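Since the structure comes first, as structure tokens, the remarks are kept for the end.
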Amino acid sequence: MTIAERWLLPDGIEEILPPEAARIEALRRLLLDEYRAWGYDLVIPPNAEYLESLLTGVGHDLDLLTYKLTDQATGRLMGLSADKTQQVARMDAHSMPRQGVSRYCYSSDILHARSTHLLSSRSPIQIGAELYGYYGSESDVEIVSLMLASLTKAGLADVSLDLGHIGIYRALVESAGLSADAQAELFELLRRRALPDLRAWLARVELNDQYKGWLAALPECHGSIDTLADWRRVFAGAPDTVFEALDTLEGIARLLSERFADLRIHLDLAELRDYNYHTGLVFSAFVPGFGQPVAKGGRYDATGKVFGRSRPATGFSSDLKILASQTTGQWHEAAAILAPAAGPAGLDAAIMELRAQGERVIQLFSDQTNLDELNCNRELVQQGDRWTVQPLTKQQAN
């Protein structure tokens with residue numbers, strides 16, 4: 001291996017340099033403080049667990065994203081965390097067996113074995129919030145509201161919201177009696193929006209015409225809240241659970257539109273992201289100029305069942321790298337104060353006082369050069385028996 005090859009990083013794995021690292025860290029603190037203000041307790045899930053804990057009950061996609069390795073202490077397979085939600089579910093079921101409503105938040109590095117899309121990192125910094133212990137749609141409204149509030153706090157503007165409900169698709173395929181293989185084929189066609197392939201698949205599958213019509217209509221059911229009345233007519237005669245899900249979706253959409261008057265809300269009944277994982281409402285937030293969600297989430301009531309305690313749950317997550325990339329023009333590292341090398345009386349006390357006030361102070365070493373790399377715009381100067389802060393001229397910095 002050559003010297004040039006030693007510093008190459010794998011595709012999708014990035015190092016974060018100043019000032020971007022400081023931008024991301026400031027954003028992390030800002031958002032965790034926002035979650036705390038809403039009553040969400042911070043948890044720190046481990047970076048690796050036994051594979052059974054990480055992957056039991058989750059979809060195939062998460063399995064493909066998870067790095068596997070052998071635990072040298074036990075010989076058991078372990079996985080590096082590719083998503084924190086399953087781990088928080090285990091913690092809620094086993095480590096924190098509260099009986100009432102529980103609210104958690106987290107921020108952790110995760111690692112993906114492959115990229116999820118062209119714009120994604122394989123080493124995201126996942127940040128999110130989870131709410132356990134309440135079935136009512138008020139918890140969904142709170143989680144979506146917290147997500148939107150945190151995006152505003154992060155400096156993102158012109159956010160739009162996509163809403164869907166997994167329960168509609170689930171009710172149709174279960175009542176239709178489709179086999180597991182047929183459900184997998186249908187799911188993949190709908191997720192890819194492959195409408196010609198969907199029509200061809202429906203033409204050859206053994207299913208009554210009414211169900212074929214409903215399944216063919218799913219990708220066409222997208223639009224504003226006002227289109228829900230049309231969708232109810234499309235699904236006339238469908239199982240009652242379809243209309244219960246439509247009612248839930250409409251109620252949540254209307255509450256959010258009242259709470260966020262300028263928010264653009266788009267409904268989509270064929271939004272089937274993480275079908276094997278989510279059980280109800282699913283949602284994604286978008287900003288102009290970025291082709292993937294900046295945050296997403298949904299309801300996943302059955303996740304804790306594999307850990308011995310099934311509780312209703314809803315939550316969202318985002319990648320701090322993505323959020324920071326969308327707010328690059330709105331945050332800058334504050335310029336520092338340049339302090340002289342140690343020696344003069346009272347200097348150490350003056351530096352300590354400035355740092356206690358939140359100032360960034362860089363003290364020189366003897367004969368230090370390349371001062372222009374320090375990003376200082378002020379200097380600490382002795383005037384008589386006092387130390388004062390004064391502007392630093394360009395000539396002094398050089």
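Here, A, B, ... name the chains of the structure tokens in the order displayed, residue numbers run from 1 inside each chain, and ligands are numbered from 1 in the same displayed order.
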
Given only C-alpha atoms, how would the per-residue table for range 49-82 of chain A near range 118-127 of chain A read, listing every residue at most 12 Å away with its closest atom pair and distance in Å to one decimal, sorted by chain and number, as JSON lines?
{"residue": "A:Leu65", "atom": "CA", "partner": "A:Arg122", "partner_atom": "CA", "distance": 9.0}
{"residue": "A:Thr66", "atom": "CA", "partner": "A:Arg122", "partner_atom": "CA", "distance": 10.6}
{"residue": "A:Tyr67", "atom": "CA", "partner": "A:Arg122", "partner_atom": "CA", "distance": 11.0}
{"residue": "A:Leu80", "atom": "CA", "partner": "A:Ser123", "partner_atom": "CA", "distance": 11.2}
{"residue": "A:Ser81", "atom": "CA", "partner": "A:Gln126", "partner_atom": "CA", "distance": 10.5}
{"residue": "A:Ala82", "atom": "CA", "partner": "A:Ser123", "partner_atom": "CA", "distance": 8.9}

TODO: List every residue of range 227-387 of chain A that DSSP, applied to the backbone of this structure, assigns to alpha helix (DSSP H), and report them as JSON, numbers by chain.
DONE: {"A": [228, 229, 230, 231, 232, 233, 234, 240, 241, 242, 243, 244, 245, 246, 247, 248, 249, 250, 251, 252, 253, 254, 255, 256, 257, 258, 259, 320, 321, 322, 323, 324, 325, 347, 348, 349, 350, 351, 352, 353, 354, 355, 356]}

How close does each residue of range 186-240 of chain A get to range 153-166 of chain A, giving the shortest atom pair and distance in Å to one decimal for every residue with an atom at most 10 Å away, counting only C-alpha atoms, sorted by chain and residue number, as a Markdown table?
| residue | atom | partner | partner_atom | distance |
| --- | --- | --- | --- | --- |
| A:His222 | CA | A:Gly164 | CA | 9.1 |
| A:Gly223 | CA | A:Asp162 | CA | 9.6 |
| A:Ser224 | CA | A:Asp162 | CA | 9.9 |

- [ ] With a distance cut-off of 12 Å and only C-alpha atoms, select the neighbouring residues of Ala22 in chain A, excluding the residue or stretch itself and same-chain residues fewer than 3 positions from it, and output the selection as a PyMOL selection string.
- [x] chain A and resi 16-19+25-29+320-321+324+328+331-334

Open item on the list: For Ala270 in chain A, find every residue with an atom within 8 Å (counting only C-alpha atoms), except residues of its own chain fewer than 2 positions away, and show them as a PyMOL selection string.
Closed with: chain A and resi 164+169+190-191+218-219+221-222+268+272

- [ ] Using DSSP on the backbone coordinates, identify all residues within range 14-251 of chain A classified as strand (DSSP E); present the result as a ChimeraX atom specification.
- [x] /A:41-42,48-50,68-70,77-80,102-109,125-132,160-165,222-223

Would you mind exporting N, CA, C and O atoms of the selected residues as a compact mmCIF listing (two decimals), in the first residue's frame?
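Produced file again.txt, reproduced below:
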# COMPACT_ATOMS: atom_id res chain seq x y z
N ASP A 41 -36.32 12.49 27.56
CA ASP A 41 -35.12 12.13 28.32
C ASP A 41 -34.06 11.56 27.38
O ASP A 41 -34.35 10.71 26.53
N LEU A 42 -32.82 11.99 27.58
CA LEU A 42 -31.72 11.54 26.74
C LEU A 42 -31.31 10.11 27.11
O LEU A 42 -31.13 9.78 28.28
N ALA A 48 -22.97 -1.35 19.42
CA ALA A 48 -23.05 -2.73 18.94
C ALA A 48 -23.87 -3.55 19.91
O ALA A 48 -23.82 -3.32 21.13
N GLU A 49 -24.62 -4.52 19.38
CA GLU A 49 -25.39 -5.45 20.20
C GLU A 49 -25.39 -6.81 19.51
O GLU A 49 -24.99 -6.94 18.35
N TYR A 50 -25.87 -7.81 20.23
CA TYR A 50 -26.06 -9.10 19.59
C TYR A 50 -27.06 -8.96 18.46
O TYR A 50 -28.02 -8.20 18.56
N LYS A 68 -22.13 -7.04 10.22
CA LYS A 68 -22.09 -8.16 11.14
C LYS A 68 -20.65 -8.50 11.50
O LYS A 68 -19.76 -8.42 10.64
N LEU A 69 -20.43 -8.90 12.73
CA LEU A 69 -19.11 -9.31 13.18
C LEU A 69 -19.25 -10.33 14.30
O LEU A 69 -20.33 -10.46 14.90
N THR A 70 -18.20 -11.05 14.58
CA THR A 70 -18.22 -12.07 15.62
C THR A 70 -17.64 -11.51 16.91
O THR A 70 -16.56 -10.92 16.92
N LEU A 77 -22.76 -13.79 17.02
CA LEU A 77 -22.79 -12.72 16.03
C LEU A 77 -23.28 -11.43 16.67
O LEU A 77 -24.25 -11.41 17.43
N MET A 78 -22.60 -10.35 16.32
CA MET A 78 -23.00 -9.01 16.75
C MET A 78 -23.25 -8.16 15.52
O MET A 78 -22.85 -8.50 14.40
N GLY A 79 -23.93 -7.04 15.72
CA GLY A 79 -24.16 -6.09 14.66
C GLY A 79 -23.81 -4.69 15.11
O GLY A 79 -23.99 -4.34 16.28
N LEU A 80 -23.26 -3.90 14.20
CA LEU A 80 -23.06 -2.48 14.47
C LEU A 80 -24.37 -1.75 14.20
O LEU A 80 -25.01 -1.99 13.18
N SER A 102 -43.74 7.39 28.04
CA SER A 102 -42.29 7.62 28.16
C SER A 102 -41.80 8.34 26.91
O SER A 102 -42.18 8.01 25.80
N ARG A 103 -40.91 9.30 27.13
CA ARG A 103 -40.35 10.07 26.03
C ARG A 103 -38.83 9.99 26.09
O ARG A 103 -38.23 10.25 27.13
N TYR A 104 -38.22 9.63 24.95
CA TYR A 104 -36.77 9.48 24.88
C TYR A 104 -36.22 10.25 23.67
O TYR A 104 -36.91 10.40 22.66
N CYS A 105 -34.97 10.69 23.79
CA CYS A 105 -34.27 11.25 22.64
C CYS A 105 -32.84 10.73 22.65
O CYS A 105 -32.36 10.22 23.66
N TYR A 106 -32.16 10.88 21.53
CA TYR A 106 -30.81 10.34 21.41
C TYR A 106 -30.08 11.05 20.28
O TYR A 106 -30.69 11.67 19.41
N SER A 107 -28.77 10.93 20.28
CA SER A 107 -27.93 11.36 19.16
C SER A 107 -26.70 10.48 19.17
O SER A 107 -25.93 10.48 20.13
N SER A 108 -26.52 9.69 18.11
CA SER A 108 -25.43 8.71 18.07
C SER A 108 -24.94 8.50 16.64
O SER A 108 -25.72 8.60 15.69
N ASP A 109 -23.67 8.19 16.52
CA ASP A 109 -23.14 7.75 15.24
C ASP A 109 -23.69 6.37 14.92
O ASP A 109 -23.81 5.52 15.80
N ILE A 125 -24.95 10.60 11.47
CA ILE A 125 -25.07 10.90 12.90
C ILE A 125 -26.57 11.04 13.17
O ILE A 125 -27.18 12.07 12.87
N GLN A 126 -27.16 9.97 13.67
CA GLN A 126 -28.61 9.91 13.81
C GLN A 126 -29.05 10.64 15.07
O GLN A 126 -28.51 10.43 16.16
N ILE A 127 -30.04 11.49 14.93
CA ILE A 127 -30.64 12.18 16.06
C ILE A 127 -32.15 12.04 15.95
O ILE A 127 -32.70 12.06 14.84
N GLY A 128 -32.80 11.82 17.08
CA GLY A 128 -34.24 11.61 16.99
C GLY A 128 -34.92 11.56 18.34
O GLY A 128 -34.28 11.73 19.39
N ALA A 129 -36.22 11.33 18.30
CA ALA A 129 -37.05 11.27 19.51
C ALA A 129 -38.07 10.16 19.37
O ALA A 129 -38.57 9.91 18.26
N GLU A 130 -38.40 9.51 20.48
CA GLU A 130 -39.35 8.39 20.49
C GLU A 130 -40.33 8.61 21.64
O GLU A 130 -39.94 9.04 22.73
N LEU A 131 -41.60 8.27 21.38
CA LEU A 131 -42.64 8.39 22.40
C LEU A 131 -43.32 7.03 22.54
O LEU A 131 -43.84 6.49 21.57
N TYR A 132 -43.32 6.48 23.77
CA TYR A 132 -43.88 5.16 24.04
C TYR A 132 -45.05 5.27 25.02
O TYR A 132 -45.09 6.16 25.87
N SER A 160 -41.83 21.12 3.82
CA SER A 160 -43.10 20.50 3.45
C SER A 160 -43.18 19.12 4.10
O SER A 160 -42.15 18.51 4.39
N LEU A 161 -44.40 18.63 4.30
CA LEU A 161 -44.61 17.39 5.04
C LEU A 161 -45.42 16.41 4.21
O LEU A 161 -46.47 16.74 3.67
N ASP A 162 -44.91 15.18 4.09
CA ASP A 162 -45.64 14.08 3.47
C ASP A 162 -46.19 13.17 4.55
O ASP A 162 -45.45 12.78 5.47
N LEU A 163 -47.47 12.82 4.45
CA LEU A 163 -48.12 11.94 5.42
C LEU A 163 -48.72 10.74 4.71
O LEU A 163 -49.30 10.87 3.63
N GLY A 164 -48.59 9.57 5.31
CA GLY A 164 -49.25 8.37 4.82
C GLY A 164 -49.70 7.52 5.99
O GLY A 164 -49.49 7.88 7.15
N HIS A 165 -50.32 6.39 5.70
CA HIS A 165 -50.78 5.49 6.76
C HIS A 165 -50.63 4.05 6.28
O HIS A 165 -51.36 3.61 5.37
N HIS A 222 -52.86 10.37 -3.94
CA HIS A 222 -51.94 11.32 -3.33
C HIS A 222 -52.43 12.72 -3.65
O HIS A 222 -52.93 12.99 -4.75
N GLY A 223 -52.29 13.61 -2.69
CA GLY A 223 -52.76 14.98 -2.89
C GLY A 223 -52.99 15.69 -1.56
O GLY A 223 -52.38 15.32 -0.55

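Between Val282 in chain A and the residues A:Leu30, A:Val173, A:Leu269, A:Val294, the shortest atom-to-atom distance, using only C-alpha atoms, involves A:Leu269.
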
TODO: Considering only C-alpha atoms, return as a ChimeraX atom specification whatever protein or nucleic-acid residues lie within 12 Å of Met352 in chain A, sequence-local ones (same chain, fewer than 4 positions apart) excluded.
DONE: /A:339,346-348,356-363,387

Task: Counting only C-alpha atoms, the option among A:Gly298, A:Gly75, A:Pro97, A:Gly291 closest to Gly167 in chain A - done: A:Gly298

Task: Neighbour list for range 255-261 of chain A as number ranges by chain, cut-off 9 Å, only C-alpha atoms, skip fewer than 6 positions in-chain - done: A: 141, 144-145, 148

Restricted to C-alpha atoms, what would the selected residues look like written as a CSV table (one decimal), in the first residue's frame?
chain,number,residue,atom,x,y,z
A,141,VAL,CA,-49.3,14.9,16.4
A,144,VAL,CA,-44.6,15.4,14.1
A,145,SER,CA,-44.8,18.8,15.8
A,148,LEU,CA,-41.1,20.4,12.6

Task: Selected residue, from A:Gln368, A:Pro10, A:His278, A:Leu380, that lies nearest to Ala302 in chain A when counting only C-alpha atoms - done: A:His278

I want to know what sits within 8 Å of range 233-239 of chain A, based on only C-alpha atoms, with residues of the same chain fewer than 6 positions away left out; could you give that as a compact mmCIF listing (two decimals) with N, CA and C atoms, in the first residue's frame?
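As written to disk, around_20.txt reads:
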# COMPACT_ATOMS: atom_id res chain seq x y z
N ALA A 171 -54.42 -3.37 5.64
CA ALA A 171 -55.79 -3.89 5.70
C ALA A 171 -56.19 -4.53 4.38
N LEU A 172 -55.79 -3.93 3.27
CA LEU A 172 -56.16 -4.47 1.95
C LEU A 172 -55.47 -5.80 1.67
N SER A 175 -56.83 -8.64 4.10
CA SER A 175 -58.19 -9.11 3.81
C SER A 175 -58.26 -9.78 2.44
N TRP A 214 -58.79 -1.74 -5.98
CA TRP A 214 -58.30 -0.98 -4.82
C TRP A 214 -56.78 -0.89 -4.81
N ALA A 217 -55.47 1.44 -7.34
CA ALA A 217 -55.77 2.84 -7.03
C ALA A 217 -54.80 3.45 -6.03

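For the set A:Thr388, A:Thr303, A:Met91, A:Arg193, the residue with the smallest atom-to-atom gap to Glu353 in chain A is A:Thr388, counting only C-alpha atoms.
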
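Note that CA of Tyr277 in chain A and CA of Ala93 in chain A are 16.9 Å apart.
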